[in-house]
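Text of the file my_file-v3.txt, holding compact mmCIF, C-alpha atoms:
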# COMPACT_ATOMS: atom_id res chain seq x y z
CA MET W 1 -21.43 -15.28 -6.05
CA ILE W 2 -18.15 -17.15 -6.45
CA LEU W 3 -16.31 -13.90 -7.08
CA ALA W 4 -17.75 -12.42 -3.89
CA ILE W 5 -16.62 -15.43 -1.85
CA TYR W 6 -13.16 -15.18 -3.42
CA ILE W 7 -12.85 -11.47 -2.63
CA ILE W 8 -14.04 -11.95 0.96
CA SER W 9 -11.59 -14.80 1.49
CA VAL W 10 -8.68 -12.78 0.05
CA LEU W 11 -9.49 -9.85 2.34
CA TYR W 12 -9.81 -12.19 5.33
CA CYS W 13 -6.44 -13.82 4.65
CA ILE W 14 -4.69 -10.50 4.11
CA TYR W 15 -6.18 -9.23 7.37
CA LYS W 16 -4.91 -12.31 9.22
CA MET W 17 -1.47 -11.93 7.62
CA TYR W 18 -1.33 -8.25 8.62
CA ASN W 19 -2.24 -9.17 12.22
CA SER W 20 0.43 -11.86 12.37
CA TYR W 21 3.09 -9.39 11.25
CA SER W 22 1.85 -6.87 13.80
CA LYS W 23 2.05 -9.44 16.61
CA ARG W 24 5.65 -10.23 15.71
CA ASN W 25 6.53 -6.53 16.03
CA ASN W 26 7.46 -6.33 12.37
CA ASP W 27 6.18 -3.32 10.54
CA PRO W 28 3.73 -4.83 8.02
CA LEU W 29 4.45 -2.10 5.49
CA TYR W 30 8.16 -2.90 5.36
CA ALA W 31 8.07 -6.67 5.87
CA THR W 32 7.60 -7.41 2.13
CA PRO W 33 5.28 -10.41 2.40
CA ALA W 34 5.27 -10.88 -1.37
CA LEU W 35 5.34 -14.68 -1.47
CA GLU W 36 2.63 -14.94 1.16
CA THR W 37 0.45 -12.56 -0.81
CA LEU W 38 0.91 -14.61 -3.97
CA ALA W 39 -0.05 -17.76 -2.09
CA ILE W 40 -3.09 -15.98 -0.67
CA LEU W 41 -4.21 -14.93 -4.14
CA VAL W 42 -4.07 -18.52 -5.33
CA MET W 43 -5.38 -20.41 -2.30
CA ALA W 44 -7.50 -17.86 -0.40
CA PRO W 45 -10.80 -19.82 -0.21
CA VAL W 46 -9.02 -22.96 1.00
CA LEU W 47 -6.96 -21.06 3.56
CA MET W 48 -10.02 -19.30 4.92
CA ALA W 49 -11.98 -22.55 5.19
CA VAL W 50 -9.14 -24.26 7.04
CA ASP W 51 -8.64 -21.30 9.38
CA VAL W 52 -12.33 -21.00 10.22
CA SER W 53 -12.71 -24.74 10.81
CA MET W 54 -9.61 -24.90 13.02
CA THR W 55 -10.89 -21.92 15.02
CA TRP W 56 -14.26 -23.63 15.56
CA ILE W 57 -12.53 -26.86 16.63
CA ARG W 58 -10.32 -24.96 19.09
CA LEU W 59 -13.29 -23.09 20.55
CA TYR W 60 -15.28 -26.32 20.86
CA LYS W 61 -12.45 -28.05 22.71
CA GLU W 62 -11.98 -25.10 25.06
CA ARG W 63 -15.67 -24.98 25.87
CA LYS W 64 -15.89 -28.73 26.36
CA GLN W 65 -13.24 -28.73 29.11
Structure re-expressed in structure tokens:
Amino acid sequence: MILAIYIISVLYCIYKMYNSYSKRNNDPLYATPALETLAILVMAPVLMAVDVSMTWIRLYKERKQ
């Protein structure tokens, strides 16, 4: 179960990183995000939890106004 959560969080973070490189018009295949990938491998569950919670907070504030 813990391994599944870890794998899902790593895939989620890599997907978000790929999208951020695509938005900046950098080719993700040639951008060499090696340090970011290493950080993702170490802190993926924490990064995913923070990203999901911040997204929910942002959506709540937008809907409240």
Query raised in the report: Closest to W:Leu41 among W:Ser20, W:Ser53, W:Ser9, W:Gln65, using all atoms listed in the file?
Result: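 Of all the options, W:Ser9 lies closest to W:Leu41.
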Query raised in the report: What is the atom CA of W:Thr55-atom CA of W:Leu38 distance in Å, reported with one decimal?
Result: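 Atom CA of W:Leu38 lies 23.5 Å from atom CA of W:Thr55.
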Query raised in the report: Nearest to W:Met43 among W:Trp56, W:Met1, W:Tyr6, W:Ser22, with distances taken over only C-alpha atoms: which residue is it?
Result: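 Among W:Trp56, W:Met1, W:Tyr6, W:Ser22, it is W:Tyr6 that comes nearest to W:Met43.
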Excluding W:Ala44 and any residue of its chain fewer than 5 positions from it, enumerate the residues within 12 Å of it, using all atoms listed in the file, and give them as a PDB file with C-alpha atoms, in the frame of the given file.
ATOM      1  CA  LEU W   3     -16.310 -13.900  -7.080  1.00  0.00           C
ATOM      2  CA  ILE W   5     -16.620 -15.430  -1.850  1.00  0.00           C
ATOM      3  CA  TYR W   6     -13.160 -15.180  -3.420  1.00  0.00           C
ATOM      4  CA  ILE W   7     -12.850 -11.470  -2.630  1.00  0.00           C
ATOM      5  CA  ILE W   8     -14.040 -11.950   0.960  1.00  0.00           C
ATOM      6  CA  SER W   9     -11.590 -14.800   1.490  1.00  0.00           C
ATOM      7  CA  VAL W  10      -8.680 -12.780   0.050  1.00  0.00           C
ATOM      8  CA  LEU W  11      -9.490  -9.850   2.340  1.00  0.00           C
ATOM      9  CA  TYR W  12      -9.810 -12.190   5.330  1.00  0.00           C
ATOM     10  CA  CYS W  13      -6.440 -13.820   4.650  1.00  0.00           C
ATOM     11  CA  ILE W  14      -4.690 -10.500   4.110  1.00  0.00           C
ATOM     12  CA  TYR W  15      -6.180  -9.230   7.370  1.00  0.00           C
ATOM     13  CA  LYS W  16      -4.910 -12.310   9.220  1.00  0.00           C
ATOM     14  CA  MET W  17      -1.470 -11.930   7.620  1.00  0.00           C
ATOM     15  CA  GLU W  36       2.630 -14.940   1.160  1.00  0.00           C
ATOM     16  CA  THR W  37       0.450 -12.560  -0.810  1.00  0.00           C
ATOM     17  CA  LEU W  38       0.910 -14.610  -3.970  1.00  0.00           C
ATOM     18  CA  ALA W  39      -0.050 -17.760  -2.090  1.00  0.00           C
ATOM     19  CA  ALA W  49     -11.980 -22.550   5.190  1.00  0.00           C
ATOM     20  CA  VAL W  50      -9.140 -24.260   7.040  1.00  0.00           C
ATOM     21  CA  ASP W  51      -8.640 -21.300   9.380  1.00  0.00           C
TER      22      ASP W  51
END
Query raised in the report: Could you work out how far atom CA of W:Ile40 lies from atom CA of W:Asn19, giving the answer in Å with one decimal?
Result: 14.6 Å
Query raised in the report: Mind pulling up the distance from atom CA of W:Ile2 to atom CA of W:Pro45?
Result: 10.0 Å
